[in-house]
>>> print(open('upload-v7.cif').read())   # mmCIF, C-alpha atoms
data_structure
loop_
_atom_site.label_atom_id
_atom_site.label_comp_id
_atom_site.auth_asym_id
_atom_site.auth_seq_id
_atom_site.Cartn_x
_atom_site.Cartn_y
_atom_site.Cartn_z
CA MET U 1 141.33 88.23 76.45
CA ILE U 2 143.02 91.35 75.12
CA THR U 3 140.57 91.29 72.21
CA PHE U 4 137.64 91.38 74.58
CA VAL U 5 139.11 94.15 76.68
CA ILE U 6 139.64 96.25 73.56
CA LEU U 7 136.20 95.31 72.24
CA SER U 8 134.62 96.40 75.53
CA MET U 9 136.50 99.67 75.51
CA VAL U 10 135.45 100.41 71.94
CA LEU U 11 131.86 99.59 72.89
CA ILE U 12 132.01 101.85 75.93
CA PHE U 13 133.41 104.65 73.82
CA VAL U 14 130.89 104.23 71.01
CA ASP U 15 127.94 103.90 73.36
CA HIS U 16 129.00 106.87 75.45
CA ARG U 17 129.80 109.21 72.60
CA THR U 18 127.31 108.26 69.90
CA ALA U 19 123.78 106.94 69.55
CA LEU U 20 124.80 104.13 67.19
CA LEU U 21 124.13 101.37 69.72
CA LYS U 22 120.63 102.54 70.64
CA PRO U 23 118.89 99.92 68.44
CA VAL U 24 121.08 97.13 69.87
CA ARG U 25 120.23 98.14 73.41
CA TYR U 26 116.58 98.53 72.42
CA SER U 27 116.28 94.97 71.10
CA LEU U 28 118.31 93.44 73.94
CA SER U 29 116.14 95.23 76.48
CA VAL U 30 113.12 93.34 75.13
CA LEU U 31 114.85 90.12 76.18
CA MET U 32 115.56 91.50 79.65
CA THR U 33 112.03 92.77 80.32
CA PRO U 34 110.76 89.46 81.77
CA ILE U 35 113.64 89.54 84.26
CA GLN U 36 112.60 92.98 85.41
CA TYR U 37 109.06 91.76 85.92
CA VAL U 38 110.05 88.57 87.73
CA SER U 39 112.39 90.44 90.06
CA ASN U 40 109.54 92.73 90.97
CA THR U 41 107.20 89.88 91.93
CA PRO U 42 107.95 89.78 95.68
CA MET U 43 107.09 93.45 95.98
CA ARG U 44 103.88 92.97 94.00
CA VAL U 45 102.84 90.02 96.13
CA ALA U 46 103.51 91.97 99.32
CA GLU U 47 101.52 94.91 98.02
CA TRP U 48 98.66 92.75 96.74
CA SER U 49 98.34 90.94 100.06
CA SER U 50 98.47 94.14 102.09
CA ASP U 51 95.78 95.55 99.80
CA GLY U 52 93.66 92.43 100.03
CA VAL U 53 93.87 91.90 103.77
CA LYS U 54 92.88 95.09 105.48
CA SER U 55 90.92 95.29 108.67
CA LYS U 56 87.53 97.00 108.77
CA GLY U 57 88.83 99.64 111.16
CA GLN U 58 91.69 100.42 108.83
CA LEU U 59 89.30 100.84 105.92
CA GLN U 60 87.02 103.09 107.93
CA ARG U 61 89.91 105.27 109.05
CA GLU U 62 91.14 105.48 105.50
CA ASN U 63 87.67 106.33 104.28
CA VAL U 64 87.33 109.17 106.76
CA ALA U 65 90.73 110.53 105.88
CA LEU U 66 90.00 110.33 102.17
CA SER U 67 86.62 112.01 102.37
CA ASN U 68 88.16 114.78 104.45
CA GLN U 69 90.79 115.22 101.81
CA VAL U 70 88.17 115.28 99.06
CA ARG U 71 86.33 118.04 100.91
CA LEU U 72 89.52 120.02 101.25
CA LEU U 73 90.38 119.58 97.61
CA GLU U 74 86.86 120.46 96.48
CA ARG U 75 87.07 123.70 98.38
CA ARG U 76 90.31 124.46 96.63
CA VAL U 77 88.86 123.56 93.24
CA GLN U 78 86.05 126.05 93.81
CA LYS U 79 88.59 128.74 94.37
CA LEU U 80 90.62 127.48 91.44
CA ALA U 81 87.76 127.92 88.96
CA SER U 82 87.50 131.60 89.70
CA THR U 83 91.27 131.98 89.70
CA VAL U 84 91.57 130.30 86.32
CA ALA U 85 88.90 132.54 84.87
CA GLU U 86 90.58 135.60 86.30
CA ASN U 87 93.95 134.44 85.06
CA LYS U 88 92.54 133.94 81.58
CA ARG U 89 91.06 137.42 81.58
CA LEU U 90 94.35 138.92 82.65
CA LYS U 91 96.21 136.90 80.01
CA GLU U 92 93.82 138.14 77.35
CA LEU U 93 94.45 141.64 78.57
CA MET U 94 98.15 141.05 78.07
CA ASN U 95 97.55 139.53 74.61
CA SER U 96 99.57 136.43 75.47
CA SER U 97 98.70 133.04 74.12
CA GLU U 98 96.67 130.77 76.36
CA ILE U 99 98.65 128.01 77.97
CA VAL U 100 97.06 124.66 77.23
CA ASP U 101 96.96 122.09 79.99
CA ASP U 102 99.65 119.46 79.48
CA ARG U 103 98.50 115.97 78.54
CA VAL U 104 99.43 113.36 81.10
CA ILE U 105 99.46 109.56 81.32
CA VAL U 106 99.91 107.46 84.44
CA ALA U 107 102.60 104.79 84.65
CA GLU U 108 103.57 102.33 87.33
CA ILE U 109 107.10 101.96 88.66
CA VAL U 110 108.15 98.38 87.93
CA GLY U 111 111.77 98.59 88.95
CA VAL U 112 114.34 100.64 90.77
CA ASP U 113 117.99 100.76 89.82
CA PRO U 114 119.71 98.19 92.04
CA ASP U 115 122.80 100.37 92.29
CA PRO U 116 122.32 102.64 95.33
CA TYR U 117 124.61 105.23 93.76
CA ARG U 118 122.37 105.79 90.75
CA HIS U 119 118.88 107.12 91.12
CA GLU U 120 116.92 105.60 88.29
CA ILE U 121 113.51 104.01 88.06
CA ILE U 122 111.87 101.83 85.44
CA VAL U 123 108.27 102.49 84.47
CA ASN U 124 105.85 100.21 82.65
CA LYS U 125 105.24 102.43 79.65
CA GLY U 126 107.37 102.64 76.55
CA ARG U 127 107.50 103.66 72.93
CA ASN U 128 104.18 101.90 72.30
CA ASP U 129 102.54 104.46 74.58
CA GLY U 130 104.23 107.36 72.87
CA LEU U 131 106.94 108.06 75.42
CA TYR U 132 110.01 109.94 74.32
CA GLU U 133 113.40 110.79 75.76
CA GLY U 134 113.49 113.89 77.91
CA GLN U 135 109.88 113.55 78.98
CA ALA U 136 109.13 114.89 82.45
CA VAL U 137 108.13 112.44 85.18
CA LEU U 138 106.00 113.68 88.08
CA ASP U 139 104.29 112.28 91.09
CA ALA U 140 101.36 113.81 92.93
CA ASP U 141 103.61 116.22 94.82
CA GLY U 142 106.14 117.40 92.33
CA LEU U 143 108.70 116.78 89.65
CA MET U 144 110.53 113.46 89.90
CA GLY U 145 112.83 113.33 86.90
CA GLN U 146 112.95 112.67 83.21
CA ILE U 147 112.87 109.72 80.83
CA ILE U 148 116.34 108.87 79.58
CA GLU U 149 115.85 105.58 77.80
CA VAL U 150 112.74 104.36 76.01
CA GLY U 151 112.15 100.66 75.39
CA PRO U 152 109.17 99.12 73.63
CA VAL U 153 107.18 98.47 76.81
CA THR U 154 109.31 99.87 79.64
CA SER U 155 111.36 103.01 80.06
CA ARG U 156 114.09 104.22 82.35
CA ALA U 157 113.83 107.54 84.14
CA LEU U 158 116.56 109.53 85.85
CA LEU U 159 115.51 111.10 89.15
CA ILE U 160 116.29 114.72 89.95
CA SER U 161 118.36 113.60 92.94
CA ASP U 162 120.87 111.69 90.79
CA SER U 163 124.27 113.32 90.84
CA THR U 164 124.26 113.66 87.05
CA HIS U 165 120.95 115.49 86.91
CA GLY U 166 120.35 119.21 86.81
CA LEU U 167 117.30 121.30 86.08
CA PRO U 168 116.53 125.01 85.93
CA VAL U 169 114.21 126.23 88.68
CA HIS U 170 112.98 129.50 90.06
CA ALA U 171 111.67 130.44 93.46
CA ASN U 172 107.90 130.71 93.49
CA ARG U 173 107.98 133.67 95.88
CA ASN U 174 110.11 136.07 93.89
CA GLY U 175 111.29 134.37 90.72
CA VAL U 176 114.97 134.08 91.65
CA ARG U 177 116.43 131.65 89.15
CA ALA U 178 118.84 128.83 89.91
CA ILE U 179 119.91 125.42 88.74
CA ALA U 180 119.07 122.48 90.98
CA VAL U 181 121.49 119.60 90.62
CA GLY U 182 121.12 116.23 92.27
CA SER U 183 123.42 115.36 95.14
CA GLY U 184 123.27 111.58 94.97
CA ILE U 185 121.24 111.66 98.17
CA LEU U 186 117.51 111.09 97.74
CA ASP U 187 116.24 113.97 99.85
CA LYS U 188 118.75 116.63 98.86
CA LEU U 189 119.21 118.89 95.86
CA ARG U 190 121.93 121.48 95.53
CA LEU U 191 121.40 124.91 94.01
CA ILE U 192 124.55 125.90 92.20
CA HIS U 193 125.85 129.31 91.20
CA VAL U 194 123.53 131.18 93.53
CA PRO U 195 124.99 134.60 94.32
CA ASP U 196 125.42 135.43 98.01
CA THR U 197 123.04 138.31 97.55
CA ALA U 198 120.20 136.25 96.07
CA ASP U 199 116.97 136.49 98.00
CA LEU U 200 116.42 132.84 98.88
CA GLU U 201 115.12 131.75 102.26
CA VAL U 202 114.56 128.45 103.97
CA GLY U 203 111.03 127.34 103.08
CA ASP U 204 110.92 128.88 99.62
CA LEU U 205 109.14 126.73 97.09
CA LEU U 206 111.16 126.07 93.95
CA VAL U 207 109.26 125.38 90.74
CA SER U 208 110.55 124.30 87.35
CA SER U 209 111.20 127.35 85.23
CA GLY U 210 111.03 125.63 81.85
CA LEU U 211 114.09 127.54 80.72
CA GLY U 212 116.10 124.53 79.61
CA GLY U 213 113.34 123.63 77.20
CA ARG U 214 113.11 120.13 78.68
CA PHE U 215 110.76 120.40 81.59
CA PRO U 216 107.33 121.99 81.51
CA LYS U 217 107.03 125.21 83.45
CA GLY U 218 105.58 125.64 86.91
CA TYR U 219 105.74 122.22 88.52
CA PRO U 220 106.99 122.15 92.13
CA VAL U 221 110.51 120.75 92.47
CA GLY U 222 111.65 121.31 96.03
CA ILE U 223 111.63 123.39 99.16
CA VAL U 224 114.74 125.25 100.22
CA SER U 225 116.04 123.52 103.32
CA LYS U 226 119.32 125.27 103.95
CA VAL U 227 120.91 128.57 102.98
CA SER U 228 124.38 129.35 104.25
CA HIS U 229 127.05 131.81 103.29
CA ASP U 230 130.68 130.83 103.47
CA PRO U 231 133.02 133.77 102.89
CA GLY U 232 135.56 131.40 101.37
CA GLN U 233 133.11 130.21 98.71
CA PRO U 234 132.24 132.21 95.61
CA PHE U 235 128.56 131.27 95.86
CA ALA U 236 125.99 130.76 98.57
CA ILE U 237 125.42 127.16 99.65
CA VAL U 238 121.75 126.41 99.09
CA GLU U 239 120.13 123.03 99.52
CA ALA U 240 116.58 121.94 98.83
CA ARG U 241 114.40 118.97 99.67
CA PRO U 242 112.46 117.52 96.71
CA THR U 243 108.69 117.78 97.13
CA ALA U 244 108.11 114.57 95.17
CA HIS U 245 108.34 111.34 97.13
CA LEU U 246 111.27 109.99 95.16
CA ASP U 247 111.54 106.81 97.18
CA ARG U 248 107.88 106.16 97.95
CA SER U 249 105.80 106.84 94.88
CA ARG U 250 104.35 103.82 93.14
CA TYR U 251 102.55 105.58 90.31
CA VAL U 252 104.04 108.40 88.31
CA LEU U 253 102.66 110.86 85.79
CA LEU U 254 104.30 111.36 82.43
CA VAL U 255 103.75 114.77 80.90
CA PHE U 256 103.53 115.30 77.17
CA SER U 257 104.56 118.89 76.85
CA ILE U 258 103.16 120.72 73.87
CA LYS U 259 105.83 121.72 71.42
CA GLY U 260 106.44 125.44 71.30
CA SER U 261 105.02 126.09 74.74
CA VAL U 262 108.40 127.26 75.97
CA GLU U 263 108.30 130.99 75.54
CA GLU U 264 111.73 131.93 76.83
CA PRO U 265 114.76 131.18 74.68
CA VAL U 266 117.40 128.93 76.19
CA GLU U 267 119.96 131.74 76.23
CA ASP U 268 118.25 133.14 79.32
CA LEU U 269 119.72 130.31 81.32
CA THR U 270 123.30 131.18 80.55
CA GLU U 271 122.76 134.86 81.07
CA GLU U 272 122.30 134.36 84.75
CA LEU U 273 125.66 132.81 85.43
CA PRO U 274 127.99 135.71 84.60
CA SER U 275 125.88 138.16 86.57
CA GLY U 276 125.95 135.74 89.49
CA LYS U 277 129.71 135.56 89.27
CA ILE U 278 130.12 139.30 89.11
CA SER U 279 127.99 139.93 92.15
CA ALA U 280 129.82 137.19 94.00
CA ILE U 281 133.15 138.81 93.19
CA ASP U 282 131.80 142.15 94.31
CA GLY U 283 130.64 140.58 97.55
CA GLY U 284 134.05 138.95 98.06
CA GLU U 285 135.91 142.21 97.69
CA GLY U 286 133.53 144.23 99.79
CA MET L 1 128.84 64.15 76.53
CA THR L 2 127.50 66.60 73.99
CA ARG L 3 128.23 70.24 74.29
CA SER L 4 124.61 71.26 74.70
CA GLU L 5 124.28 69.11 77.79
CA GLY L 6 123.40 71.22 80.80
CA GLY L 7 123.56 74.38 78.73
CA PHE L 8 120.09 75.26 79.85
CA ALA L 9 121.02 74.69 83.49
CA ILE L 10 123.91 77.14 83.10
CA LEU L 11 121.67 79.66 81.38
CA PHE L 12 119.13 79.21 84.16
CA THR L 13 121.74 80.07 86.84
CA PHE L 14 122.56 83.28 84.99
CA ILE L 15 118.89 84.23 84.73
CA ILE L 16 118.47 83.68 88.46
CA ALA L 17 121.54 85.84 89.05
CA TYR L 18 120.06 88.63 86.89
CA VAL L 19 116.80 88.47 88.81
CA PHE L 20 118.64 88.78 92.12
CA THR L 21 120.70 91.64 90.71
CA VAL L 22 117.71 93.86 90.01
CA MET L 23 115.43 92.68 92.81
CA THR L 24 114.20 95.53 94.95
CA LEU L 25 115.81 95.53 98.38
CA PRO L 26 115.28 97.76 101.39
CA SER L 27 117.65 100.68 100.96
CA SER L 28 119.80 99.67 103.91
CA LEU L 29 120.38 96.25 102.37
CA ALA L 30 120.98 97.58 98.87
CA TYR L 31 124.55 98.48 99.78
CA LEU L 32 125.17 94.87 100.80
CA ARG L 33 123.87 93.25 97.60
CA PRO L 34 126.38 90.63 96.49
CA GLU L 35 127.50 90.74 92.85
CA TRP L 36 125.52 87.66 91.88
CA VAL L 37 126.40 87.61 88.20
CA ALA L 38 130.11 87.90 88.93
CA LEU L 39 129.85 85.09 91.49
CA ILE L 40 128.11 82.76 89.04
CA VAL L 41 130.65 83.56 86.33
CA ILE L 42 133.53 82.86 88.73
CA TYR L 43 131.96 79.56 89.76
CA TRP L 44 131.47 78.27 86.23
CA VAL L 45 134.90 79.42 85.08
CA ILE L 46 136.54 77.54 87.93
CA ALA L 47 134.33 74.46 87.52
CA ILE L 48 134.21 74.07 83.73
CA PRO L 49 136.80 76.44 82.24
CA HIS L 50 136.66 74.71 78.85
CA ARG L 51 133.01 75.70 78.43
CA VAL L 52 132.56 78.96 80.33
CA GLY L 53 135.38 81.38 79.73
CA VAL L 54 136.08 84.93 78.74
CA ILE L 55 133.65 84.86 75.79
CA VAL L 56 130.66 83.71 77.83
CA ALA L 57 131.57 86.18 80.58
CA TRP L 58 131.65 88.97 78.04
CA ILE L 59 128.22 88.13 76.60
CA VAL L 60 126.77 87.79 80.10
CA GLY L 61 128.25 91.20 80.89
CA ILE L 62 126.63 92.83 77.85
CA PHE L 63 123.25 91.59 79.01
CA GLN L 64 123.96 92.89 82.49
CA ASP L 65 124.77 96.30 81.01
CA VAL L 66 121.41 96.35 79.28
CA LEU L 67 119.63 95.17 82.40
CA VAL L 68 121.03 97.77 84.77
CA GLY L 69 121.18 100.52 82.16
CA ALA L 70 124.93 100.96 82.28
CA VAL L 71 127.00 102.07 79.31
CA LEU L 72 127.36 99.05 77.01
CA GLY L 73 130.61 97.21 77.69
CA GLN L 74 131.07 98.28 81.29
CA HIS L 75 130.18 95.03 82.99
CA ALA L 76 131.33 93.07 79.94
CA LEU L 77 134.82 94.47 80.44
CA ALA L 78 134.85 93.79 84.17
CA LEU L 79 133.43 90.28 83.85
CA SER L 80 135.76 89.20 81.07
CA VAL L 81 138.81 90.38 83.02
CA VAL L 82 137.57 88.57 86.13
CA ALA L 83 136.88 85.45 84.06
CA TYR L 84 140.39 85.63 82.68
CA ILE L 85 141.98 85.89 86.13
CA ALA L 86 139.74 83.09 87.41
CA PHE L 87 140.75 80.99 84.41
CA MET L 88 144.45 81.51 85.14
CA LEU L 89 143.95 80.52 88.77
CA HIS L 90 141.26 77.85 88.41
CA MET L 91 143.58 74.92 89.10
CA ARG L 92 144.67 76.51 92.36
CA ILE L 93 141.28 77.77 93.51
CA ARG L 94 139.66 74.38 92.87
CA VAL L 95 141.73 72.66 95.56
CA PHE L 96 141.27 75.38 98.15
CA PRO L 97 138.93 74.74 101.07
CA VAL L 98 135.75 76.79 100.74
CA TRP L 99 136.76 79.57 103.15
CA GLN L 100 139.96 80.08 101.21
CA GLN L 101 137.96 80.18 98.00
CA SER L 102 135.93 82.94 99.63
CA LEU L 103 139.11 84.97 100.03
CA SER L 104 139.90 84.53 96.34
CA VAL L 105 136.35 85.59 95.53
CA LEU L 106 136.83 88.68 97.69
CA LEU L 107 139.78 89.69 95.54
CA LEU L 108 138.12 88.78 92.25
CA VAL L 109 134.95 90.71 93.05
CA GLY L 110 137.16 93.56 94.25
CA VAL L 111 138.81 93.67 90.83
CA TYR L 112 135.38 93.53 89.22
CA LEU L 113 134.08 96.43 91.32
CA MET L 114 137.21 98.44 90.62
CA LEU L 115 136.80 98.06 86.85
CA VAL L 116 133.10 98.90 87.00
CA LEU L 117 133.86 102.00 89.04
CA THR L 118 136.68 103.07 86.73
CA VAL L 119 134.40 102.98 83.70
CA GLN L 120 131.59 104.62 85.66
CA ARG L 121 133.82 107.50 86.69
CA THR L 122 135.10 107.90 83.14
CA VAL L 123 131.70 108.24 81.53
CA ALA L 124 129.87 110.12 84.30
CA THR L 125 130.36 111.74 87.64
CA THR L 126 129.09 109.51 90.38
CA HIS L 127 128.41 109.98 94.01
CA TRP L 128 130.79 107.51 95.59
CA THR L 129 131.72 106.43 99.12
CA LEU L 130 133.77 103.71 100.75
CA TRP L 131 130.55 101.70 101.15
CA TYR L 132 130.95 100.94 97.47
CA TRP L 133 133.32 98.07 98.35
CA LEU L 134 130.86 96.33 100.67
CA PRO L 135 129.54 93.99 97.93
CA ALA L 136 133.01 92.42 97.70
CA LEU L 137 132.72 91.38 101.35
CA SER L 138 129.14 90.21 101.03
CA SER L 139 129.97 88.29 97.86
CA ALA L 140 132.76 86.50 99.66
CA ALA L 141 130.37 85.80 102.52
CA VAL L 142 127.71 84.20 100.31
CA TRP L 143 130.22 82.21 98.26
CA PRO L 144 129.85 78.96 100.29
CA TRP L 145 126.08 79.12 99.81
CA ILE L 146 126.56 79.58 96.07
CA VAL L 147 128.93 76.66 95.73
CA LEU L 148 126.69 74.05 97.35
CA PRO L 149 123.56 74.40 95.17
CA LEU L 150 125.64 74.83 92.03
CA ARG L 151 127.63 71.70 92.81
CA TRP L 152 124.37 69.85 93.26
CA LEU L 153 123.11 71.25 89.96
CA ARG L 154 126.28 70.12 88.24
CA LYS L 155 125.91 66.56 89.56
CA GLN L 156 122.21 66.52 88.69
CA TYR L 157 122.67 67.58 85.08
CA ALA L 158 126.12 66.03 84.62
CA ILE L 159 127.61 69.30 83.44
CA ASN L 160 131.22 68.62 82.62
#
>>> encode(input="upload-v7.cif", output="structure tokens")
Amino acid sequence: MITFVILSMVLIFVDHRTALLKPVRYSLSVLMTPIQYVSNTPMRVAEWSSDGVKSKGQLQRENVALSNQVRLLERRVQKLASTVAENKRLKELMNSSEIVDDRVIVAEIVGVDPDPYRHEIIVNKGRNDGLYEGQAVLDADGLMGQIIEVGPVTSRALLISDSTHGLPVHANRNGVRAIAVGSGILDKLRLIHVPDTADLEVGDLLVSSGLGGRFPKGYPVGIVSKVSHDPGQPFAIVEARPTAHLDRSRYVLLVFSIKGSVEEPVEDLTEELPSGKISAIDGGEG
Amino acid sequence: MTRSEGGFAILFTFIIAYVFTVMTLPSSLAYLRPEWVALIVIYWVIAIPHRVGVIVAWIVGIFQDVLVGAVLGQHALALSVVAYIAFMLHMRIRVFPVWQQSLSVLLLVGVYLMLVLTVQRTVATTHWTLWYWLPALSSAAVWPWIVLPLRWLRKQYAIN
């Protein structure tokens, strides 16, 4: 008994502090993959039957909605072409290197962490498809999270709303930088260390800034949903709602970011904090 | 009565428990999910303590860690401690009526949850509320419905 308690504690320590047990976990996870798939069967059956049995009216409505959307998107694409060309010209003017489009593959969510206090998903792509740890996971509307564990055929991704997750963002409107950490609640992110004087408003779009070197730059992360100033707090209280449908997406995109595409050094991230503190102190005294 | 007899049946119950553990539930029900693996371990320890004990519980726990992506050893620790307590009390719990067994299960699963949470809080910061203890109640509530099929299984495969 005591042996096993000690053994467990040693394991916990080793697994938490080092990467020595990665191969063990990797091979054991192969054994557990069928269980993941079986446990997902009811959901698949439900989805398959709702896909298979749709009324004509439903299909027609869907068709109309989709073709409307296609028209809308096409209009935007037309504008986009000219914008891209213009952007390229301007970039060339500024002598900066051209940013290559990130390569993306689509994966299906095959499992969700059963523990409601941890926001993790399991996707049906793994090392065989070239996935790697730290890879960004997106859905159609924004950034969802990052891959934290790669198995041979499935991988585990941590969502941005998990309370252990944080990512550097900046406001699309004016470039104010912040760090968005998960709150443990699916539709809420917290922006930490935001000075009281920072120009953030409700409705501001936050996009990934790429400063941490992990996430690609420029993907939408969330929309500021609350800004409040408490004189007793050193920083402003800012909350955001993720744009990605963290609880509804079925298919996700995995981005292969091109190495060396991060222009800013990581030090930029830490530079912001002291200045934030100073201005907060100033605000507190004044 | 060879040792391998019914081994597959026992393994099968654990696999079913794993499947139920990771099955997708509506988010409102997810907080109520009973700790299936712990329940099955408790049952077998009480029923056949000479075959399923701390060692089996520990191995089952390691697999659960891999399955739910926890730090290796977290559930192994909790399950082996629970198996040990159940082993110490198995003579007493066996003669209890089922509802009284449920109360014991409530406490055992409570210990299990407490250990899991302790490790969880040591290795990472977690968002945590009082709802966390709900699975202990739901586990105790489903206990009678666990005992009946497992008893049948034991008779069927003569697991002793």
>>> resolve_selection(input="upload-v7.cif", expression="the PyMOL selection byres ((chain U) within 7 of (chain L))", output="list in words")
Met1, Val5, Ser8, Met9, Leu11, Ile12, Asp15, His16, Arg25, Leu28, Ser29, Met32, Ile35, Gln36, Val38, Ser39, Asn40, Val112, Asp113, Pro114, Pro116, Tyr117, Ser163, Thr164 and Gly184 of chain U
>>> residues_around(input="upload-v7.cif", residues="L:Met91", least_positions_apart="6", cutoff="12 Å", atoms="only C-alpha atoms", output="list in words")
Val45, Ile46, Ala47, Ile48, Pro49, Ile85 and Gln101 of chain L
>>> atom_distance(input="upload-v7.cif", atom1="atom CA of L:Ala140", atom2="atom CA of U:Asp247")
29.5 Å
>>> axis_aligned_box(input="upload-v7.cif", around="stretch 143-160 of chain L", padding_each_side="6 Å", output="JSON")
{"center_x": 126.7, "center_y": 74.1, "center_z": 91.5, "size_x": 21.0, "size_y": 28.2, "size_z": 29.7}
>>> closest_residue(input="upload-v7.cif", among="U:Arg89, U:Lys125, U:His193, U:Arg76", to="U:Tyr251", atoms="all atoms listed in the file")
U:Lys125
>>> resolve_selection(input="upload-v7.cif", expression="the PyMOL selection byres ((chain U and resi 167-181) around 9)", output="PyMOL selection string")
chain U and resi 160-166+182-183+189-194+198-200+204-212+214-215+217-218+220-221+239-240+269+272
>>> closest_residue(input="upload-v7.cif", among="L:Leu117, L:Ile10, L:Val95, L:Met88", to="L:Val37", atoms="all atoms listed in the file")
L:Ile10
>>> atom_distance(input="upload-v7.cif", atom1="atom CA of U:Gln69", atom2="atom CA of U:Gln146")
29.0 Å
>>> atom_distance(input="upload-v7.cif", atom1="atom CA of U:Val24", atom2="atom CA of U:Ile147")
18.6 Å
>>> resolve_selection(input="upload-v7.cif", expression="the PyMOL selection byres ((chain U and resi 187) around 8)", output="count of residues only")
8
>>> residues_around(input="upload-v7.cif", residues="stretch 107-109 of chain L", least_positions_apart="6", cutoff="7 Å", atoms="all atoms listed in the file", output="VMD selection string")
chain L and resid 38 82 136
>>> decode(input="upload-v7.cif", residues="stretch 39-56 of chain U", atoms="N, CA and C atoms", output="PDB file, in the first residue's frame")
ATOM      1  N   SER U  39     -16.636   5.392 -26.999  1.00  0.00           N
ATOM      2  CA  SER U  39     -17.419   6.300 -26.156  1.00  0.00           C
ATOM      3  C   SER U  39     -18.044   7.413 -26.983  1.00  0.00           C
ATOM      4  N   ASN U  40     -17.508   7.620 -28.166  1.00  0.00           N
ATOM      5  CA  ASN U  40     -18.026   8.697 -29.003  1.00  0.00           C
ATOM      6  C   ASN U  40     -19.148   8.225 -29.925  1.00  0.00           C
ATOM      7  N   THR U  41     -19.377   6.890 -29.928  1.00  0.00           N
ATOM      8  CA  THR U  41     -20.357   6.328 -30.865  1.00  0.00           C
ATOM      9  C   THR U  41     -21.749   6.932 -30.745  1.00  0.00           C
ATOM     10  N   PRO U  42     -22.327   7.054 -29.531  1.00  0.00           N
ATOM     11  CA  PRO U  42     -23.686   7.600 -29.460  1.00  0.00           C
ATOM     12  C   PRO U  42     -23.824   8.940 -30.151  1.00  0.00           C
ATOM     13  N   MET U  43     -22.797   9.798 -29.977  1.00  0.00           N
ATOM     14  CA  MET U  43     -22.846  11.116 -30.589  1.00  0.00           C
ATOM     15  C   MET U  43     -22.799  10.996 -32.111  1.00  0.00           C
ATOM     16  N   ARG U  44     -21.944  10.083 -32.594  1.00  0.00           N
ATOM     17  CA  ARG U  44     -21.836   9.879 -34.037  1.00  0.00           C
ATOM     18  C   ARG U  44     -23.145   9.388 -34.621  1.00  0.00           C
ATOM     19  N   VAL U  45     -23.769   8.425 -33.909  1.00  0.00           N
ATOM     20  CA  VAL U  45     -25.024   7.868 -34.404  1.00  0.00           C
ATOM     21  C   VAL U  45     -26.075   8.971 -34.471  1.00  0.00           C
ATOM     22  N   ALA U  46     -26.141   9.764 -33.411  1.00  0.00           N
ATOM     23  CA  ALA U  46     -27.130  10.847 -33.369  1.00  0.00           C
ATOM     24  C   ALA U  46     -26.895  11.805 -34.528  1.00  0.00           C
ATOM     25  N   GLU U  47     -25.632  12.124 -34.770  1.00  0.00           N
ATOM     26  CA  GLU U  47     -25.308  13.078 -35.820  1.00  0.00           C
ATOM     27  C   GLU U  47     -25.621  12.494 -37.195  1.00  0.00           C
ATOM     28  N   TRP U  48     -25.242  11.213 -37.363  1.00  0.00           N
ATOM     29  CA  TRP U  48     -25.455  10.546 -38.644  1.00  0.00           C
ATOM     30  C   TRP U  48     -26.945  10.494 -38.950  1.00  0.00           C
ATOM     31  N   SER U  49     -27.762  10.164 -37.936  1.00  0.00           N
ATOM     32  CA  SER U  49     -29.187  10.038 -38.205  1.00  0.00           C
ATOM     33  C   SER U  49     -29.815  11.405 -38.459  1.00  0.00           C
ATOM     34  N   SER U  50     -29.322  12.427 -37.764  1.00  0.00           N
ATOM     35  CA  SER U  50     -29.911  13.753 -38.015  1.00  0.00           C
ATOM     36  C   SER U  50     -29.464  14.280 -39.376  1.00  0.00           C
ATOM     37  N   ASP U  51     -28.294  13.812 -39.844  1.00  0.00           N
ATOM     38  CA  ASP U  51     -27.851  14.187 -41.186  1.00  0.00           C
ATOM     39  C   ASP U  51     -28.664  13.447 -42.242  1.00  0.00           C
ATOM     40  N   GLY U  52     -28.911  12.159 -41.959  1.00  0.00           N
ATOM     41  CA  GLY U  52     -29.573  11.312 -42.941  1.00  0.00           C
ATOM     42  C   GLY U  52     -31.050  11.600 -43.082  1.00  0.00           C
ATOM     43  N   VAL U  53     -31.692  11.957 -41.966  1.00  0.00           N
ATOM     44  CA  VAL U  53     -33.136  12.170 -42.019  1.00  0.00           C
ATOM     45  C   VAL U  53     -33.422  13.649 -41.876  1.00  0.00           C
ATOM     46  N   LYS U  54     -33.490  14.320 -43.020  1.00  0.00           N
ATOM     47  CA  LYS U  54     -33.794  15.737 -42.982  1.00  0.00           C
ATOM     48  C   LYS U  54     -34.969  15.968 -43.922  1.00  0.00           C
ATOM     49  N   SER U  55     -35.868  16.804 -43.520  1.00  0.00           N
ATOM     50  CA  SER U  55     -37.033  17.021 -44.363  1.00  0.00           C
ATOM     51  C   SER U  55     -36.640  17.892 -45.563  1.00  0.00           C
ATOM     52  N   LYS U  56     -37.494  17.824 -46.606  1.00  0.00           N
ATOM     53  CA  LYS U  56     -37.204  18.575 -47.820  1.00  0.00           C
ATOM     54  C   LYS U  56     -37.166  20.079 -47.516  1.00  0.00           C
TER      55      LYS U  56
END
